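S.K.: Hey, dropping query-v7.cif in here, mmCIF, C-alpha atoms:
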```
data_model
loop_
_atom_site.group_PDB
_atom_site.id
_atom_site.type_symbol
_atom_site.label_atom_id
_atom_site.label_comp_id
_atom_site.auth_asym_id
_atom_site.auth_seq_id
_atom_site.Cartn_x
_atom_site.Cartn_y
_atom_site.Cartn_z
ATOM 1 C CA MET A 1 47.276 138.293 33.564
ATOM 2 C CA THR A 2 47.188 135.600 30.899
ATOM 3 C CA GLU A 3 48.536 132.308 32.232
ATOM 4 C CA GLN A 4 51.329 130.658 30.285
ATOM 5 C CA ARG A 5 49.941 127.847 28.187
ATOM 6 C CA GLU A 6 53.003 125.658 27.805
ATOM 7 C CA GLN A 7 51.961 122.047 28.295
ATOM 8 C CA SER A 8 53.686 119.473 30.449
ATOM 9 C CA PRO A 9 52.753 115.821 30.938
ATOM 10 C CA THR A 10 53.217 116.306 34.694
ATOM 11 C CA VAL A 11 50.855 119.264 35.053
ATOM 12 C CA ILE A 12 48.041 117.090 36.420
ATOM 13 C CA ASP A 13 50.359 115.563 39.003
ATOM 14 C CA THR A 14 51.470 119.050 40.011
ATOM 15 C CA GLN A 15 47.901 120.319 40.481
ATOM 16 C CA ARG A 16 46.238 117.037 41.493
ATOM 17 C CA ARG A 17 45.673 118.093 45.101
ATOM 18 C CA TYR A 18 43.970 121.334 44.088
ATOM 19 C CA ILE A 19 41.833 119.599 41.442
ATOM 20 C CA ALA A 20 40.858 116.905 43.958
ATOM 21 C CA GLY A 21 39.864 119.545 46.505
ATOM 22 C CA GLN A 22 37.641 121.342 44.006
ATOM 23 C CA LEU A 23 36.012 118.084 42.893
ATOM 24 C CA ALA A 24 35.246 117.210 46.499
ATOM 25 C CA ARG A 25 33.919 120.690 47.275
ATOM 26 C CA GLN A 26 31.946 121.393 44.093
ATOM 27 C CA CYS A 27 30.800 117.878 43.176
ATOM 28 C CA SER A 28 30.950 115.975 46.493
ATOM 29 C CA ALA A 29 33.145 113.500 44.624
ATOM 30 C CA ASP A 30 34.607 110.573 46.569
ATOM 31 C CA MET A 31 38.184 109.326 46.181
ATOM 32 C CA VAL A 32 37.283 106.704 43.572
ATOM 33 C CA GLN A 33 35.599 109.331 41.428
ATOM 34 C CA ILE A 34 38.409 111.836 41.984
ATOM 35 C CA ASN A 35 41.008 109.276 40.933
ATOM 36 C CA HIS A 36 38.940 108.412 37.860
ATOM 37 C CA VAL A 37 38.570 112.046 36.748
ATOM 38 C CA THR A 38 42.197 112.979 37.393
ATOM 39 C CA GLY A 39 43.247 109.780 35.622
ATOM 40 C CA VAL A 40 41.310 110.823 32.531
ATOM 41 C CA MET A 41 42.950 114.236 32.720
ATOM 42 C CA GLN A 42 46.395 112.652 33.065
ATOM 43 C CA ASN A 43 45.658 110.486 30.017
ATOM 44 C CA LEU A 44 44.623 113.556 28.034
ATOM 45 C CA TYR A 45 47.720 115.544 28.900
ATOM 46 C CA SER A 46 50.058 112.622 28.304
ATOM 47 C CA LEU A 47 48.965 112.621 24.634
ATOM 48 C CA ARG A 48 51.030 115.806 24.142
ATOM 49 C CA LEU A 49 48.574 117.586 21.883
ATOM 50 C CA ASP A 50 50.914 120.563 21.908
ATOM 51 C CA GLN A 51 53.035 118.686 19.393
ATOM 52 C CA ASN A 52 50.059 118.876 17.020
ATOM 53 C CA GLY A 53 49.349 122.551 17.601
ATOM 54 C CA VAL A 54 46.818 122.288 20.434
ATOM 55 C CA ALA A 55 47.663 123.814 23.840
ATOM 56 C CA LEU A 56 45.607 122.559 26.770
ATOM 57 C CA PRO A 57 45.088 124.800 29.828
ATOM 58 C CA VAL A 58 47.684 124.649 32.603
ATOM 59 C CA GLY A 59 46.407 127.219 35.120
ATOM 60 C CA LYS A 60 45.009 125.578 38.238
ATOM 61 C CA THR A 61 41.620 127.306 38.052
ATOM 62 C CA GLU A 62 41.095 126.190 34.448
ATOM 63 C CA LEU A 63 42.305 122.684 35.301
ATOM 64 C CA ALA A 64 39.898 122.461 38.223
ATOM 65 C CA ARG A 65 37.029 123.686 36.040
ATOM 66 C CA LEU A 66 37.935 121.106 33.390
ATOM 67 C CA GLY A 67 37.934 118.454 36.110
ATOM 68 C CA VAL A 68 34.466 119.494 37.275
ATOM 69 C CA MET A 69 33.147 119.380 33.706
ATOM 70 C CA LEU A 70 34.612 115.903 33.189
ATOM 71 C CA TYR A 71 33.042 114.746 36.459
ATOM 72 C CA GLN A 72 29.651 116.049 35.343
ATOM 73 C CA THR A 73 30.015 114.123 32.077
ATOM 74 C CA LEU A 74 31.310 110.897 33.593
ATOM 75 C CA TYR A 75 28.989 110.788 36.618
ATOM 76 C CA SER A 76 26.035 113.126 36.059
ATOM 77 C CA GLY A 77 25.258 112.342 32.424
ATOM 78 C CA GLU A 78 25.868 115.879 31.195
ATOM 79 C CA PRO A 79 27.426 116.288 27.732
ATOM 80 C CA LEU A 80 30.948 117.623 27.512
ATOM 81 C CA LYS A 81 30.367 120.756 25.457
ATOM 82 C CA ILE A 82 33.030 122.284 23.232
ATOM 83 C CA VAL A 83 32.426 125.530 21.357
ATOM 84 C CA SER A 84 34.339 127.587 18.797
ATOM 85 C CA ALA A 85 33.634 130.791 16.915
ATOM 86 C CA THR A 86 34.795 131.385 13.351
ATOM 87 C CA CYS A 87 34.763 134.487 11.191
ATOM 88 C CA PRO A 88 33.163 134.687 7.740
ATOM 89 C CA ASP A 89 35.127 133.547 4.681
ATOM 90 C CA TYR A 90 37.368 136.585 4.346
ATOM 91 C CA SER A 91 40.054 136.459 1.672
ATOM 92 C CA TYR A 92 43.660 135.797 2.647
ATOM 93 C CA HIS A 93 47.050 135.071 1.125
ATOM 94 C CA GLN A 94 50.032 132.971 2.088
ATOM 95 C CA THR A 95 53.302 134.424 3.377
ATOM 96 C CA GLN A 96 56.606 132.968 4.565
ATOM 97 C CA ASP A 97 55.235 132.807 8.106
ATOM 98 C CA GLY A 98 51.795 131.414 7.327
ATOM 99 C CA TYR A 99 48.599 133.134 6.216
ATOM 100 C CA VAL A 100 47.408 136.730 6.394
ATOM 101 C CA TYR A 101 43.841 137.950 5.998
ATOM 102 C CA ASP A 102 43.826 140.683 3.349
ATOM 103 C CA PHE A 103 40.056 141.340 3.431
ATOM 104 C CA GLN A 104 39.833 141.964 -0.311
ATOM 105 C CA ASP A 105 36.584 140.025 -0.430
ATOM 106 C CA VAL A 106 34.252 137.837 1.597
ATOM 107 C CA GLY A 107 33.246 134.528 0.068
ATOM 108 C CA ASP A 108 30.872 131.714 0.952
ATOM 109 C CA GLY A 109 33.391 128.919 1.476
ATOM 110 C CA GLU A 110 34.526 127.237 4.678
ATOM 111 C CA GLY A 111 37.020 129.986 5.440
ATOM 112 C CA LEU A 112 40.571 129.849 6.761
ATOM 113 C CA THR A 113 39.593 129.767 10.426
ATOM 114 C CA GLY A 114 36.729 127.356 9.756
ATOM 115 C CA LYS A 115 39.064 124.852 8.103
ATOM 116 C CA THR A 116 41.534 125.180 10.962
ATOM 117 C CA LEU A 117 38.845 124.570 13.565
ATOM 118 C CA LEU A 118 37.437 121.568 11.696
ATOM 119 C CA ALA A 119 40.816 119.843 11.724
ATOM 120 C CA HIS A 120 41.678 120.596 15.331
ATOM 121 C CA GLN A 121 38.261 119.922 16.859
ATOM 122 C CA ARG A 122 38.475 116.410 15.475
ATOM 123 C CA LEU A 123 41.938 115.999 16.951
ATOM 124 C CA PHE A 124 40.744 117.257 20.336
ATOM 125 C CA ARG A 125 37.627 115.070 20.344
ATOM 126 C CA GLU A 126 39.643 111.980 19.425
ATOM 127 C CA ALA A 127 42.079 112.784 22.238
ATOM 128 C CA LEU A 128 39.236 113.061 24.736
ATOM 129 C CA VAL A 129 37.922 109.665 23.669
ATOM 130 C CA SER A 130 41.395 108.135 23.922
ATOM 131 C CA ALA A 131 41.671 109.611 27.419
ATOM 132 C CA GLY A 132 38.463 107.919 28.554
ATOM 133 C CA VAL A 133 35.547 110.227 27.725
ATOM 134 C CA PRO A 134 32.676 108.378 25.992
ATOM 135 C CA GLU A 135 32.425 109.621 22.407
ATOM 136 C CA GLU A 136 28.640 109.922 22.579
ATOM 137 C CA LYS A 137 28.952 112.336 25.513
ATOM 138 C CA ILE A 138 30.947 114.929 23.547
ATOM 139 C CA GLU A 139 29.119 117.768 21.771
ATOM 140 C CA TYR A 140 31.016 120.183 19.528
ATOM 141 C CA THR A 141 29.494 123.416 18.223
ATOM 142 C CA MET A 142 31.083 125.789 15.723
ATOM 143 C CA LEU A 143 29.546 129.247 15.443
ATOM 144 C CA VAL A 144 29.925 131.472 12.380
ATOM 145 C CA ALA A 145 30.117 135.160 13.308
ATOM 146 C CA ASP A 146 27.039 136.378 11.456
ATOM 147 C CA VAL A 147 27.024 139.448 13.712
ATOM 148 C CA GLU A 148 29.762 140.900 11.488
ATOM 149 C CA ALA A 149 27.154 141.387 8.775
ATOM 150 C CA ASP A 150 25.383 143.780 11.157
ATOM 151 C CA ASP A 151 28.496 145.960 11.392
ATOM 152 C CA GLY A 152 28.367 148.992 9.115
ATOM 153 C CA ASP A 153 32.139 149.535 9.187
ATOM 154 C CA ILE A 154 32.778 145.963 8.053
ATOM 155 C CA ARG A 155 30.136 146.099 5.322
ATOM 156 C CA ALA A 156 31.584 149.374 4.032
ATOM 157 C CA SER A 157 35.131 148.008 3.952
ATOM 158 C CA MET A 158 33.973 144.860 2.129
ATOM 159 C CA GLU A 159 31.635 146.868 -0.139
ATOM 160 C CA ILE A 160 28.763 144.462 0.388
ATOM 161 C CA GLU A 161 25.088 144.789 1.267
ATOM 162 C CA GLU A 162 23.842 143.305 4.525
ATOM 163 C CA SER A 163 21.498 140.804 2.874
ATOM 164 C CA GLU A 164 24.209 139.454 0.571
ATOM 165 C CA PHE A 165 26.718 139.324 3.425
ATOM 166 C CA LYS A 166 24.306 137.265 5.514
ATOM 167 C CA ALA A 167 23.512 135.002 2.575
ATOM 168 C CA ARG A 168 27.210 134.222 2.109
ATOM 169 C CA ILE A 169 27.615 133.555 5.830
ATOM 170 C CA GLY A 170 24.662 131.179 5.625
ATOM 171 C CA ARG A 171 26.328 129.262 2.813
ATOM 172 C CA THR A 172 29.575 129.151 4.804
ATOM 173 C CA ARG A 173 27.676 127.632 7.710
ATOM 174 C CA ASP A 174 26.058 125.039 5.444
ATOM 175 C CA LYS A 175 29.395 123.990 3.914
ATOM 176 C CA LEU A 176 31.072 123.670 7.307
ATOM 177 C CA ALA A 177 28.115 121.639 8.573
ATOM 178 C CA THR A 178 28.696 118.942 5.945
ATOM 179 C CA HIS A 179 31.793 117.888 7.915
ATOM 180 C CA LEU A 180 29.970 117.301 11.208
ATOM 181 C CA GLU A 181 27.400 114.745 12.273
ATOM 182 C CA SER A 182 24.931 114.965 15.161
ATOM 183 C CA PRO A 183 25.327 115.828 18.008
ATOM 184 C CA HIS A 184 28.024 118.101 16.559
ATOM 185 C CA ARG A 185 26.764 121.112 14.651
ATOM 186 C CA VAL A 186 27.470 124.463 13.043
ATOM 187 C CA GLY A 187 25.324 127.412 14.059
ATOM 188 C CA LEU A 188 25.338 131.199 14.072
ATOM 189 C CA LEU A 189 26.927 133.303 16.787
ATOM 190 C CA SER A 190 23.846 135.515 17.085
ATOM 191 C CA SER A 191 21.772 132.530 18.212
ATOM 192 C CA TYR A 192 24.290 131.584 20.905
ATOM 193 C CA VAL A 193 25.006 134.926 22.571
ATOM 194 C CA THR A 194 21.908 136.245 24.347
ATOM 195 C CA SER A 195 20.956 139.795 25.301
ATOM 196 C CA GLN A 196 21.732 138.789 28.890
ATOM 197 C CA ASP A 197 25.286 137.901 27.858
ATOM 198 C CA THR A 198 25.695 141.231 26.055
ATOM 199 C CA GLU A 199 24.358 143.205 29.023
ATOM 200 C CA LEU A 200 26.811 141.475 31.344
ATOM 201 C CA ALA A 201 29.614 142.076 28.832
ATOM 202 C CA HIS A 202 28.911 145.822 28.872
ATOM 203 C CA ARG A 203 29.377 145.883 32.638
ATOM 204 C CA LEU A 204 32.505 143.735 32.521
ATOM 205 C CA LEU A 205 34.011 145.915 29.783
ATOM 206 C CA SER A 206 33.762 148.934 32.076
ATOM 207 C CA ASP A 207 35.927 147.074 34.610
ATOM 208 C CA ILE A 208 38.809 146.542 32.159
ATOM 209 C CA LYS A 209 41.660 148.970 32.682
ATOM 210 C CA GLU A 210 42.347 151.435 29.878
ATOM 211 C CA GLN A 211 45.966 150.292 29.730
ATOM 212 C CA ARG A 212 44.853 146.795 28.801
ATOM 213 C CA LEU A 213 42.566 148.103 26.059
ATOM 214 C CA VAL A 214 45.375 150.242 24.646
ATOM 215 C CA SER A 215 47.646 147.197 24.605
ATOM 216 C CA ILE A 216 45.014 145.179 22.724
ATOM 217 C CA ALA A 217 44.484 148.078 20.283
ATOM 218 C CA LEU A 218 48.208 148.277 19.539
ATOM 219 C CA GLY A 219 48.260 144.563 18.822
ATOM 220 C CA ARG A 220 45.311 144.852 16.437
ATOM 221 C CA GLY A 221 46.499 147.978 14.600
ATOM 222 C CA ASP A 222 47.813 146.122 11.548
ATOM 223 C CA LEU A 223 44.676 143.967 11.391
ATOM 224 C CA TYR A 224 42.451 147.045 11.389
ATOM 225 C CA ARG A 225 44.585 148.794 8.761
ATOM 226 C CA ARG A 226 44.150 145.822 6.430
ATOM 227 C CA TRP A 227 40.496 145.358 7.294
ATOM 228 C CA PHE A 228 39.277 148.938 7.148
ATOM 229 C CA ARG A 229 41.766 150.422 4.637
ATOM 230 C CA ARG A 230 43.012 153.091 6.986
ATOM 231 C CA GLY A 231 46.467 154.615 7.229
ATOM 232 C CA GLN A 232 48.084 156.472 10.122
ATOM 233 C CA GLY A 233 47.151 159.524 12.170
ATOM 234 C CA VAL A 234 45.100 160.756 15.121
ATOM 235 C CA GLY A 235 41.781 159.916 13.478
ATOM 236 C CA VAL A 236 42.970 156.397 12.838
ATOM 237 C CA GLU A 237 44.100 156.035 16.454
ATOM 238 C CA ASN A 238 40.656 157.077 17.667
ATOM 239 C CA PHE A 239 39.018 154.681 15.223
ATOM 240 C CA THR A 240 41.301 151.848 16.364
ATOM 241 C CA MET A 241 40.378 152.391 20.023
ATOM 242 C CA GLN A 242 36.686 152.554 19.137
ATOM 243 C CA ARG A 243 36.923 149.316 17.122
ATOM 244 C CA THR A 244 38.889 147.669 19.910
ATOM 245 C CA ARG A 245 36.204 148.482 22.474
ATOM 246 C CA GLU A 246 33.472 147.178 20.174
ATOM 247 C CA ASP A 247 35.347 143.979 19.401
ATOM 248 C CA VAL A 248 36.392 143.379 23.017
ATOM 249 C CA LEU A 249 32.731 143.691 23.989
ATOM 250 C CA LYS A 250 31.847 140.950 21.478
ATOM 251 C CA TYR A 251 34.600 138.663 22.760
ATOM 252 C CA ILE A 252 33.506 139.146 26.367
ATOM 253 C CA ALA A 253 29.881 138.453 25.417
ATOM 254 C CA PHE A 254 30.887 135.227 23.650
ATOM 255 C CA GLY A 255 32.833 134.230 26.745
ATOM 256 C CA CYS A 256 29.799 134.938 28.940
ATOM 257 C CA ALA A 257 27.665 132.724 26.693
ATOM 258 C CA ALA A 258 30.196 129.875 26.788
ATOM 259 C CA ARG A 259 30.509 130.188 30.565
ATOM 260 C CA ARG A 260 26.731 130.182 30.982
ATOM 261 C CA GLN A 261 26.487 127.089 28.752
ATOM 262 C CA GLY A 262 29.318 125.353 30.620
ATOM 263 C CA ALA A 263 31.475 124.767 27.542
ATOM 264 C CA ILE A 264 35.151 124.307 26.792
ATOM 265 C CA VAL A 265 36.287 126.969 24.314
ATOM 266 C CA LEU A 266 38.466 125.750 21.423
ATOM 267 C CA GLU A 267 39.942 128.780 19.665
ATOM 268 C CA SER A 268 42.668 129.909 17.305
ATOM 269 C CA THR A 269 42.380 133.563 18.347
ATOM 270 C CA ALA A 270 45.367 135.310 19.958
ATOM 271 C CA PRO A 271 45.797 134.641 23.724
ATOM 272 C CA GLU A 272 45.297 138.329 24.614
ATOM 273 C CA ILE A 273 41.818 137.993 23.080
ATOM 274 C CA THR A 274 40.853 134.571 24.458
ATOM 275 C CA SER A 275 41.784 135.771 27.943
ATOM 276 C CA LEU A 276 38.775 138.102 27.664
ATOM 277 C CA TYR A 277 36.438 135.112 27.742
ATOM 278 C CA ASN A 278 37.031 134.747 31.487
ATOM 279 C CA VAL A 279 36.797 138.388 32.527
ATOM 280 C CA GLY A 280 34.981 138.885 35.838
ATOM 281 C CA ASN A 281 33.738 136.514 38.514
ATOM 282 C CA ASP A 282 30.033 136.478 37.703
ATOM 283 C CA LEU A 283 30.097 133.048 36.022
ATOM 284 C CA PRO A 284 32.234 129.886 36.236
ATOM 285 C CA ILE A 285 35.264 130.192 33.978
ATOM 286 C CA VAL A 286 35.721 128.260 30.756
ATOM 287 C CA PRO A 287 38.788 126.097 30.105
ATOM 288 C CA LEU A 288 40.525 127.494 27.017
ATOM 289 C CA VAL A 289 42.047 125.121 24.483
ATOM 290 C CA GLN A 290 44.312 127.170 22.231
ATOM 291 C CA ILE A 291 45.104 126.259 18.609
ATOM 292 C CA LYS A 292 48.544 127.450 17.578
ATOM 293 C CA SER A 293 47.572 128.905 14.213
ATOM 294 C CA LYS A 294 49.817 130.485 11.586
ATOM 295 C CA TYR A 295 47.675 133.542 10.851
#
```
Take the structure in this file and express it as structure tokens.
M.R.:
Amino acid sequence: MTEQREQSPTVIDTQRRYIAGQLARQCSADMVQINHVTGVMQNLYSLRLDQNGVALPVGKTELARLGVMLYQTLYSGEPLKIVSATCPDYSYHQTQDGYVYDFQDVGDGEGLTGKTLLAHQRLFREALVSAGVPEEKIEYTMLVADVEADDGDIRASMEIEESEFKARIGRTRDKLATHLESPHRVGLLSSYVTSQDTELAHRLLSDIKEQRLVSIALGRGDLYRRWFRRGQGVGVENFTMQRTREDVLKYIAFGCAARRQGAIVLESTAPEITSLYNVGNDLPIVPLVQIKSKY
């Protein structure tokens, strides 16, 4: 079940004992170190990023994992890694409620999601520094989903050849990269997710109950109708379930990669999707930082 992600400035106080226990058990942290780490966390949460559209994790397991990652950065010299994935520059239009992807074309600009991530990753990084994390220890990576150019259904719906699709994605990556300086970077999703991650994702997908997949498919029905130009009917329902399974597999694989890398995931994807990043118990979980987007 997806944990509620409503922030509170007292959440660290509420879970301090559990976080402290995990720091002592996993990191052999002493009380001075525990107080330092939980103090940084309290500073971070007191900034009320939710008022600027960024929801920090509140579940105790995510909080404990975030605490361990902060300890490793503050005391073991490891970088605090943050990762996001963004889709190609699909066309969209504005509505009363925000923005809607209409998938009439794919361009080579920064993209709606890319622009959103650029703004909010800066906000999150600045908050971490204000909370007490050394700026030079933070590493942000944005990944453009070049794997979508390998998808025949997507190419057919966009009426574009694979080579041209990949070329546009490459230009999107280059434009996004102009906004980041080392050690922050923009890369491609295919270079981040390994075959090992995909193999594990296949096994984890088989453990997901059909009811959950149906629920996800129902929530993505309108998206798929706009994306793949399909109407209603039994054939469409079968296609929607097939697409859902394929896409869920990709989300799980990305989560496996982020977990293996030990990264915080900063995402604007719907919570029912981001919850897939932590499916299974094979790897340490990732703390999820959710952007409240209007699309």
S.K.: Give me the residues of segment 80-191 of chain A that have any atom at most 9 Å from an atom of segment 32-54 of chain A; for each, the nearest atom pair and the distance in Å, rounded to one decimal. Use all atoms listed in the file, sort by chain and number, and format it as a Markdown table.
M.R.:
```
| residue | atom | partner | partner_atom | distance |
| --- | --- | --- | --- | --- |
| A:His120 | CA | A:Val54 | CA | 7.4 |
| A:Leu123 | CA | A:Leu49 | CA | 8.4 |
| A:Phe124 | CA | A:Val54 | CA | 7.9 |
| A:Ala127 | CA | A:Leu44 | CA | 6.4 |
| A:Leu128 | CA | A:Leu44 | CA | 6.3 |
| A:Val129 | CA | A:Leu44 | CA | 8.9 |
| A:Ser130 | CA | A:Leu44 | CA | 7.5 |
| A:Ala131 | CA | A:Asn43 | CA | 4.8 |
| A:Gly132 | CA | A:Val40 | CA | 5.7 |
| A:Val133 | CA | A:Val40 | CA | 7.5 |
```
S.K.: Can you translate the PyMOL selection byres ((chain A and resi 17) around 12) into the concrete residues it hits in this file, as a list of chain:residue names?
M.R.: A:Val11, A:Ile12, A:Asp13, A:Thr14, A:Gln15, A:Arg16, A:Tyr18, A:Ile19, A:Ala20, A:Gly21, A:Gln22, A:Leu23, A:Ala24, A:Met31, A:Ile34, A:Asn35, A:Thr38, A:Lys60, A:Leu63, A:Ala64, A:Gly67
S.K.: Enumerate, in order of chain and increasing residue number, the residues of segment 23-124 of chain A with an atom no farther than 6 Å from segment 142-154 of chain A, each with its shortest atom pair and distance in Å to one decimal, counting all atoms listed in the file, as a tab-separated table.
M.R.:
```
residue	atom	partner	partner_atom	distance
A:Val83	CA	A:Met142	CA	5.8
A:Ser84	CA	A:Met142	CA	4.8
A:Ala85	CA	A:Leu143	CA	4.6
A:Thr86	CA	A:Val144	CA	5.0
A:Cys87	CA	A:Ala145	CA	5.1
```
S.K.: Identify all residues satisfying the PyMOL selection byres ((chain A and resi 205-217) around 10) in the given file; provide them as a PyMOL selection string.
M.R.: chain A and resi 200-204+218-224+237+239-246+248-250+252-253+272-273+276+279-280
S.K.: Have a look at A:Met158, A:Val193, A:Cys27, A:Leu66 and name the one nearest to Ala257 of chain A; count only C-alpha atoms.
M.R.: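 Selected residue with least distance to Ala257 of chain A: A:Val193.
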S.K.: Work out how far apart atom CA of Gly111 of chain A and atom CA of Lys137 of chain A are and give it in Å to one decimal.
M.R.: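 Between atom CA of Gly111 of chain A and atom CA of Lys137 of chain A the gap is 27.9 Å.
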S.K.: Report the closest atom pair, with its distance in Å rounded to one decimal, for each residue of segment 37-134 of chain A that has an atom no farther than 12 Å from segment 183-188 of chain A; count all atoms listed in the file, sort by chain and then rising residue number, and write it as a tab-separated table.
M.R.:
```
residue	atom	partner	partner_atom	distance
A:Pro79	CA	A:Pro183	CA	10.0
A:Leu80	CA	A:Pro183	CA	11.2
A:Lys81	CA	A:His184	CA	9.6
A:Ile82	CA	A:His184	CA	9.3
A:Val83	CA	A:Val186	CA	9.7
A:Ser84	CA	A:Val186	CA	9.5
A:Ala85	CA	A:Leu188	CA	8.8
A:Thr86	CA	A:Leu188	CA	9.5
A:Cys87	CA	A:Leu188	CA	10.4
A:Pro88	CA	A:Leu188	CA	10.7
A:Glu110	CA	A:Val186	CA	11.3
A:Gly114	CA	A:Val186	CA	10.2
A:Leu117	CA	A:Val186	CA	11.4
A:Leu118	CA	A:Val186	CA	10.5
A:Gln121	CA	A:His184	CA	10.4
A:Arg122	CA	A:His184	CA	10.6
A:Arg125	CA	A:His184	CA	10.8
```
S.K.: Restricting the calculation to all atoms listed in the file, which member of A:Ser293, A:Ala29, A:Glu181, A:Phe165 is positioned closest to Val100 of chain A?
M.R.: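 Nearest to Val100 of chain A: A:Ser293.
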S.K.: Applied to the shown file, which residues does the PyMOL selection byres ((chain A and resi 101) around 7) return, written as a list in words?
M.R.: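 Applying the PyMOL selection byres ((chain A and resi 101) around 7) to the structure shown produces Tyr90, Ser91, Tyr92, His93, Tyr99, Val100, Asp102 and Phe103 of chain A.
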S.K.: For segment 98-111 of chain A, supply N, CA and C atoms and format the output as a PDB file, in the frame of the given file.
M.R.:
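For reference, rebuild.pdb as written:
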```pdb
ATOM      1  N   GLY A  98      53.104 132.038   7.206  1.00  0.00           N
ATOM      2  CA  GLY A  98      51.795 131.414   7.327  1.00  0.00           C
ATOM      3  C   GLY A  98      50.781 132.075   6.413  1.00  0.00           C
ATOM      4  N   TYR A  99      49.660 132.508   7.001  1.00  0.00           N
ATOM      5  CA  TYR A  99      48.599 133.134   6.216  1.00  0.00           C
ATOM      6  C   TYR A  99      48.236 134.483   6.820  1.00  0.00           C
ATOM      7  N   VAL A 100      47.813 135.396   5.955  1.00  0.00           N
ATOM      8  CA  VAL A 100      47.408 136.730   6.394  1.00  0.00           C
ATOM      9  C   VAL A 100      46.072 137.060   5.742  1.00  0.00           C
ATOM     10  N   TYR A 101      45.102 137.461   6.552  1.00  0.00           N
ATOM     11  CA  TYR A 101      43.841 137.950   5.998  1.00  0.00           C
ATOM     12  C   TYR A 101      44.103 139.284   5.309  1.00  0.00           C
ATOM     13  N   ASP A 102      43.675 139.404   4.040  1.00  0.00           N
ATOM     14  CA  ASP A 102      43.826 140.683   3.349  1.00  0.00           C
ATOM     15  C   ASP A 102      42.485 141.409   3.160  1.00  0.00           C
ATOM     16  N   PHE A 103      41.383 140.725   3.438  1.00  0.00           N
ATOM     17  CA  PHE A 103      40.056 141.340   3.431  1.00  0.00           C
ATOM     18  C   PHE A 103      39.718 142.014   2.107  1.00  0.00           C
ATOM     19  N   GLN A 104      40.189 141.436   1.004  1.00  0.00           N
ATOM     20  CA  GLN A 104      39.833 141.964  -0.311  1.00  0.00           C
ATOM     21  C   GLN A 104      38.407 141.581  -0.696  1.00  0.00           C
ATOM     22  N   ASP A 105      37.910 140.529  -0.075  1.00  0.00           N
ATOM     23  CA  ASP A 105      36.584 140.025  -0.430  1.00  0.00           C
ATOM     24  C   ASP A 105      36.094 139.138   0.698  1.00  0.00           C
ATOM     25  N   VAL A 106      34.806 138.836   0.694  1.00  0.00           N
ATOM     26  CA  VAL A 106      34.252 137.837   1.597  1.00  0.00           C
ATOM     27  C   VAL A 106      33.502 136.830   0.739  1.00  0.00           C
ATOM     28  N   GLY A 107      33.861 135.562   0.882  1.00  0.00           N
ATOM     29  CA  GLY A 107      33.246 134.528   0.068  1.00  0.00           C
ATOM     30  C   GLY A 107      32.193 133.744   0.824  1.00  0.00           C
ATOM     31  N   ASP A 108      31.873 132.567   0.302  1.00  0.00           N
ATOM     32  CA  ASP A 108      30.872 131.714   0.952  1.00  0.00           C
ATOM     33  C   ASP A 108      31.424 130.302   1.155  1.00  0.00           C
ATOM     34  N   GLY A 109      32.762 130.209   1.229  1.00  0.00           N
ATOM     35  CA  GLY A 109      33.391 128.919   1.476  1.00  0.00           C
ATOM     36  C   GLY A 109      33.547 128.642   2.962  1.00  0.00           C
ATOM     37  N   GLU A 110      34.348 127.627   3.284  1.00  0.00           N
ATOM     38  CA  GLU A 110      34.526 127.237   4.678  1.00  0.00           C
ATOM     39  C   GLU A 110      35.369 128.231   5.456  1.00  0.00           C
ATOM     40  N   GLY A 111      36.212 128.974   4.778  1.00  0.00           N
ATOM     41  CA  GLY A 111      37.020 129.986   5.440  1.00  0.00           C
ATOM     42  C   GLY A 111      38.278 129.415   6.067  1.00  0.00           C
TER      43      GLY A 111
END
```
